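Below is model14.txt, holding compact mmCIF, C-alpha atoms.
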```
# COMPACT_ATOMS: atom_id res chain seq x y z
CA MET A 5 -89.26 -60.87 -180.29
CA ILE A 6 -88.87 -57.10 -179.86
CA LYS A 7 -92.22 -55.41 -179.27
CA ALA A 8 -91.08 -51.96 -178.10
CA LEU A 9 -88.22 -49.59 -178.89
CA ILE A 10 -87.11 -46.84 -176.52
CA LEU A 11 -85.15 -43.96 -178.02
CA ASP A 12 -83.24 -41.13 -176.41
CA VAL A 13 -83.51 -37.85 -178.32
CA ASP A 14 -80.45 -35.59 -178.08
CA GLY A 15 -77.43 -37.39 -179.54
CA VAL A 16 -79.56 -40.24 -180.92
CA LEU A 17 -82.40 -38.70 -182.96
CA THR A 18 -80.39 -35.48 -183.29
CA ASP A 19 -76.68 -34.83 -183.59
CA GLY A 20 -76.70 -33.53 -180.02
CA THR A 21 -76.39 -29.88 -181.00
CA ILE A 22 -78.64 -27.44 -179.16
CA THR A 23 -79.20 -24.32 -181.24
CA TYR A 24 -81.19 -21.19 -180.37
CA ASP A 25 -82.37 -18.50 -182.77
CA ILE A 26 -82.09 -14.79 -181.93
CA PHE A 27 -85.47 -14.96 -180.17
CA GLY A 28 -84.32 -17.75 -177.86
CA ARG A 29 -86.33 -20.44 -179.62
CA GLU A 30 -84.71 -23.86 -179.76
CA LEU A 31 -83.99 -25.37 -183.18
CA LYS A 32 -83.45 -29.07 -183.89
CA SER A 33 -82.82 -31.08 -187.02
CA PHE A 34 -84.14 -34.60 -187.52
CA ASN A 35 -83.07 -37.12 -190.13
CA VAL A 36 -85.80 -38.11 -192.60
CA LYS A 37 -84.42 -41.66 -192.83
CA ASP A 38 -84.70 -42.01 -189.05
CA GLY A 39 -88.29 -40.76 -189.33
CA TYR A 40 -89.10 -43.34 -191.98
CA GLY A 41 -87.52 -46.02 -189.82
CA ILE A 42 -89.79 -45.03 -186.94
CA VAL A 43 -92.86 -45.24 -189.17
CA ARG A 44 -91.66 -48.65 -190.38
CA ALA A 45 -91.21 -49.85 -186.80
CA LEU A 46 -94.71 -48.71 -185.90
CA ASN A 47 -96.14 -50.38 -189.02
CA THR A 48 -94.48 -53.69 -188.10
CA GLY A 49 -96.00 -53.61 -184.62
CA ILE A 50 -93.06 -52.23 -182.65
CA GLU A 51 -94.19 -49.60 -180.13
CA VAL A 52 -91.82 -46.61 -180.30
CA ILE A 53 -91.23 -44.72 -177.06
CA LEU A 54 -89.18 -41.55 -176.61
CA ILE A 55 -87.56 -40.83 -173.26
CA SER A 56 -85.53 -37.63 -173.04
CA GLY A 57 -83.86 -35.83 -170.18
CA ARG A 58 -84.73 -32.47 -171.75
CA PHE A 59 -88.04 -30.96 -172.84
CA SER A 60 -88.60 -29.56 -176.34
CA SER A 61 -91.88 -28.72 -178.02
CA ILE A 62 -90.19 -29.46 -181.36
CA VAL A 63 -89.68 -33.08 -180.29
CA GLU A 64 -93.36 -33.37 -179.38
CA LYS A 65 -94.42 -31.95 -182.75
CA ARG A 66 -92.09 -34.04 -184.92
CA PHE A 67 -92.74 -37.39 -183.32
CA ARG A 68 -96.50 -36.95 -182.94
CA GLU A 69 -96.61 -36.36 -186.71
CA LEU A 70 -94.77 -39.68 -187.19
CA GLY A 71 -97.35 -41.46 -185.03
CA VAL A 72 -95.40 -41.82 -181.79
CA THR A 73 -97.78 -41.49 -178.84
CA ARG A 74 -95.48 -42.27 -175.91
CA ILE A 75 -93.24 -39.23 -175.58
CA TYR A 76 -91.69 -38.60 -172.17
CA GLN A 77 -89.55 -35.48 -171.73
CA GLY A 78 -87.74 -33.93 -168.78
CA VAL A 79 -87.09 -37.40 -167.34
CA SER A 80 -84.19 -37.57 -164.89
CA ASP A 81 -84.62 -41.25 -163.94
CA LYS A 82 -85.10 -43.14 -167.19
CA LEU A 83 -84.91 -46.55 -165.53
CA SER A 84 -87.87 -45.85 -163.21
CA LEU A 85 -89.98 -44.64 -166.13
CA TYR A 86 -88.90 -47.70 -168.10
CA GLN A 87 -90.18 -49.99 -165.35
CA GLU A 88 -93.51 -48.15 -165.37
CA VAL A 89 -93.90 -48.29 -169.16
CA LYS A 90 -92.87 -51.95 -169.21
CA ARG A 91 -95.67 -52.75 -166.74
CA GLU A 92 -98.23 -50.68 -168.72
CA LEU A 93 -97.37 -52.57 -171.91
CA SER A 94 -97.18 -55.96 -170.15
CA LEU A 95 -93.73 -56.63 -171.60
CA ASN A 96 -90.54 -58.12 -170.21
CA ASP A 97 -86.98 -56.86 -170.68
CA ALA A 98 -86.26 -59.29 -173.52
CA GLN A 99 -89.11 -57.79 -175.59
CA ILE A 100 -87.73 -54.25 -175.43
CA ALA A 101 -84.89 -52.58 -177.34
CA ALA A 102 -83.36 -49.19 -176.61
CA MET A 103 -80.87 -46.79 -178.17
CA GLY A 104 -78.90 -44.21 -176.21
CA ASP A 105 -75.65 -42.32 -176.44
CA ASP A 106 -74.50 -41.12 -173.03
CA LEU A 107 -74.03 -42.12 -169.39
CA PRO A 108 -77.60 -41.34 -168.23
CA ASP A 109 -78.80 -43.98 -170.74
CA LEU A 110 -76.58 -46.79 -169.42
CA PRO A 111 -78.85 -48.24 -166.69
CA LEU A 112 -81.66 -48.57 -169.23
CA LEU A 113 -79.40 -49.92 -171.99
CA LYS A 114 -78.08 -52.59 -169.63
CA ARG A 115 -81.63 -53.72 -168.75
CA VAL A 116 -83.30 -54.15 -172.15
CA GLY A 117 -83.12 -57.21 -174.41
CA VAL A 118 -81.34 -55.45 -177.29
CA SER A 119 -79.40 -52.22 -176.88
CA GLY A 120 -77.90 -49.90 -179.46
CA ALA A 121 -75.84 -46.74 -179.75
CA PRO A 122 -74.89 -44.28 -182.48
CA LYS A 123 -71.31 -44.31 -183.78
CA ASP A 124 -70.50 -41.17 -181.78
CA ALA A 125 -71.84 -42.38 -178.41
CA VAL A 126 -69.50 -42.12 -175.44
CA PRO A 127 -67.09 -45.07 -175.12
CA GLU A 128 -68.77 -46.40 -171.96
CA VAL A 129 -72.03 -46.79 -173.85
CA LYS A 130 -70.50 -48.31 -176.98
CA VAL A 131 -68.85 -51.12 -175.01
CA ALA A 132 -72.07 -51.87 -173.08
CA VAL A 133 -74.50 -52.25 -176.02
CA ASN A 134 -75.27 -55.09 -178.45
CA PHE A 135 -75.29 -52.90 -181.57
CA VAL A 136 -73.21 -49.86 -182.56
CA SER A 137 -74.40 -48.04 -185.67
CA ARG A 138 -72.09 -47.06 -188.50
CA TYR A 139 -73.75 -43.63 -188.32
CA PRO A 140 -73.62 -40.86 -185.73
CA GLY A 141 -76.67 -39.60 -183.86
CA GLY A 142 -79.11 -37.66 -186.02
CA LYS A 143 -77.54 -39.04 -189.20
CA GLY A 144 -79.31 -42.37 -189.72
CA ALA A 145 -78.24 -44.34 -186.63
CA VAL A 146 -81.85 -44.89 -185.55
CA ARG A 147 -82.87 -46.09 -189.02
CA GLU A 148 -79.99 -48.57 -189.10
CA PHE A 149 -80.92 -49.90 -185.64
CA ILE A 150 -84.58 -50.23 -186.59
CA ASP A 151 -83.68 -52.05 -189.81
CA TYR A 152 -81.56 -54.42 -187.70
CA LEU A 153 -84.43 -55.01 -185.24
CA ILE A 154 -86.94 -55.64 -188.02
CA LYS A 155 -84.57 -58.09 -189.74
CA GLU A 156 -84.06 -59.94 -186.44
CA ARG A 157 -87.82 -59.97 -185.90
CA VAL A 158 -88.41 -61.48 -189.34
CA ASP A 159 -85.61 -64.03 -188.85
CA GLU A 160 -87.25 -65.20 -185.58
CA THR A 161 -90.54 -66.10 -187.31
```

When written as structure tokens, how does the structure in this file appear?
Amino acid sequence: MIKALILDVDGVLTDGTITYDIFGRELKSFNVKDGYGIVRALNTGIEVILISGRFSSIVEKRFRELGVTRIYQGVSDKLSLYQEVKRELSLNDAQIAAMGDDLPDLPLLKRVGVSGAPKDAVPEVKVAVNFVSRYPGGKGAVREFIDYLIKERVDET
């Protein structure tokens, strides 16, 4: 049974676009359906964890308001952090799912029990995961993956 979900941010929870306003402030857009999916996951007992290679205060703000408490940004070695978080939560690989879209996510995606990718992930990721969404990153891919995980969780009981 999946007890934790690790999500990449850029290209998974966003469409991967990095936009700056005229003052140099970063802008990001997040899908409301993905947000609801995250709240649903949390409410069903799935710990949601964000691991991103970049840092953005917008990410911190958005996902704290959804109730996500484990937000790790500026992470270059996602697999090492994964091992640490797995120990903290006393979980094994089979109890963890993850969604990513690009090559830095592959070591983590290959380790977890259930792996997913948005429709527009790089080909190397799409062939390595268990689940490929019908939707691109930032456009409902996370919600679809969470719905899939929750359905599988219910079917296991």

Residues within 9 Å of region 62-69 of chain A, please, as a list in words. Count all atoms listed in the file; anything in the same chain fewer than 3 positions from it doesn't count. Val13, Glu30, Leu31, Lys32, Phe34, Gly39, Ile42, Leu54, Phe59, Val72, Thr73, Arg74, Ile75 and Gln77 of chain A

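Nearest residue to Ser119 (chain A) among A:Leu107, A:Ala98, A:Val36, A:Arg29 is A:Ala98, counting all atoms listed in the file.
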
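Using only C-alpha atoms, the nearest neighbour of Gly49 (chain A) within the list A:Arg115, A:Pro127, A:Lys7, A:Asn96 is A:Lys7.
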
If we count all atoms listed in the file and set the cut-off at 10 Å, which residues sit around Arg138 (chain A), ignoring sequence neighbours fewer than 2 positions away in its own chain? Please answer as a list in words. Ala121, Pro122, Lys123, Asp124, Phe135, Val136, Pro140, Gly141, Lys143, Gly144, Ala145, Glu148 and Phe149 of chain A

When distances are computed from only C-alpha atoms, which of A:Val146, A:Leu153, A:Leu9, A:Val89 shows the smallest separation from Val52 (chain A)? A:Leu9

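Between Ser56 (chain A) and the residues A:Glu88, A:Ile22, A:Gly104, A:Ser94, the shortest atom-to-atom distance, using only C-alpha atoms, involves A:Gly104.
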
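The spacing separating CA of Lys37 (chain A) from CA of Thr18 (chain A) amounts to 12.1 Å.
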
Around region 76-93 of chain A, fit a box with edges along x, y and z, padding it by 3 Å on each side, then list its centre and edge lengths in Å to one decimal as JSON.
```
{"center_x": -91.2, "center_y": -43.3, "center_z": -167.7, "size_x": 20.0, "size_y": 24.8, "size_z": 15.0}
```

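Nearest residue to Gln99 (chain A), choosing from A:Tyr40, A:Val133, A:Gly117, A:Asp14 and counting only C-alpha atoms: A:Gly117.
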
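You can rank A:Ile154, A:Val126, A:Leu17, A:Leu11 by their closest distance to Ile50 (chain A) using all atoms listed in the file, and at the top of that list sits A:Ile154.
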
Rounded to one decimal in Å, what is the spacing between CA of Val16 (chain A) and CA of Ala125 (chain A)? 8.4 Å

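The interatomic distance for the pair CA of Asp19 (chain A) and CA of Ser33 (chain A) works out to 8.0 Å.
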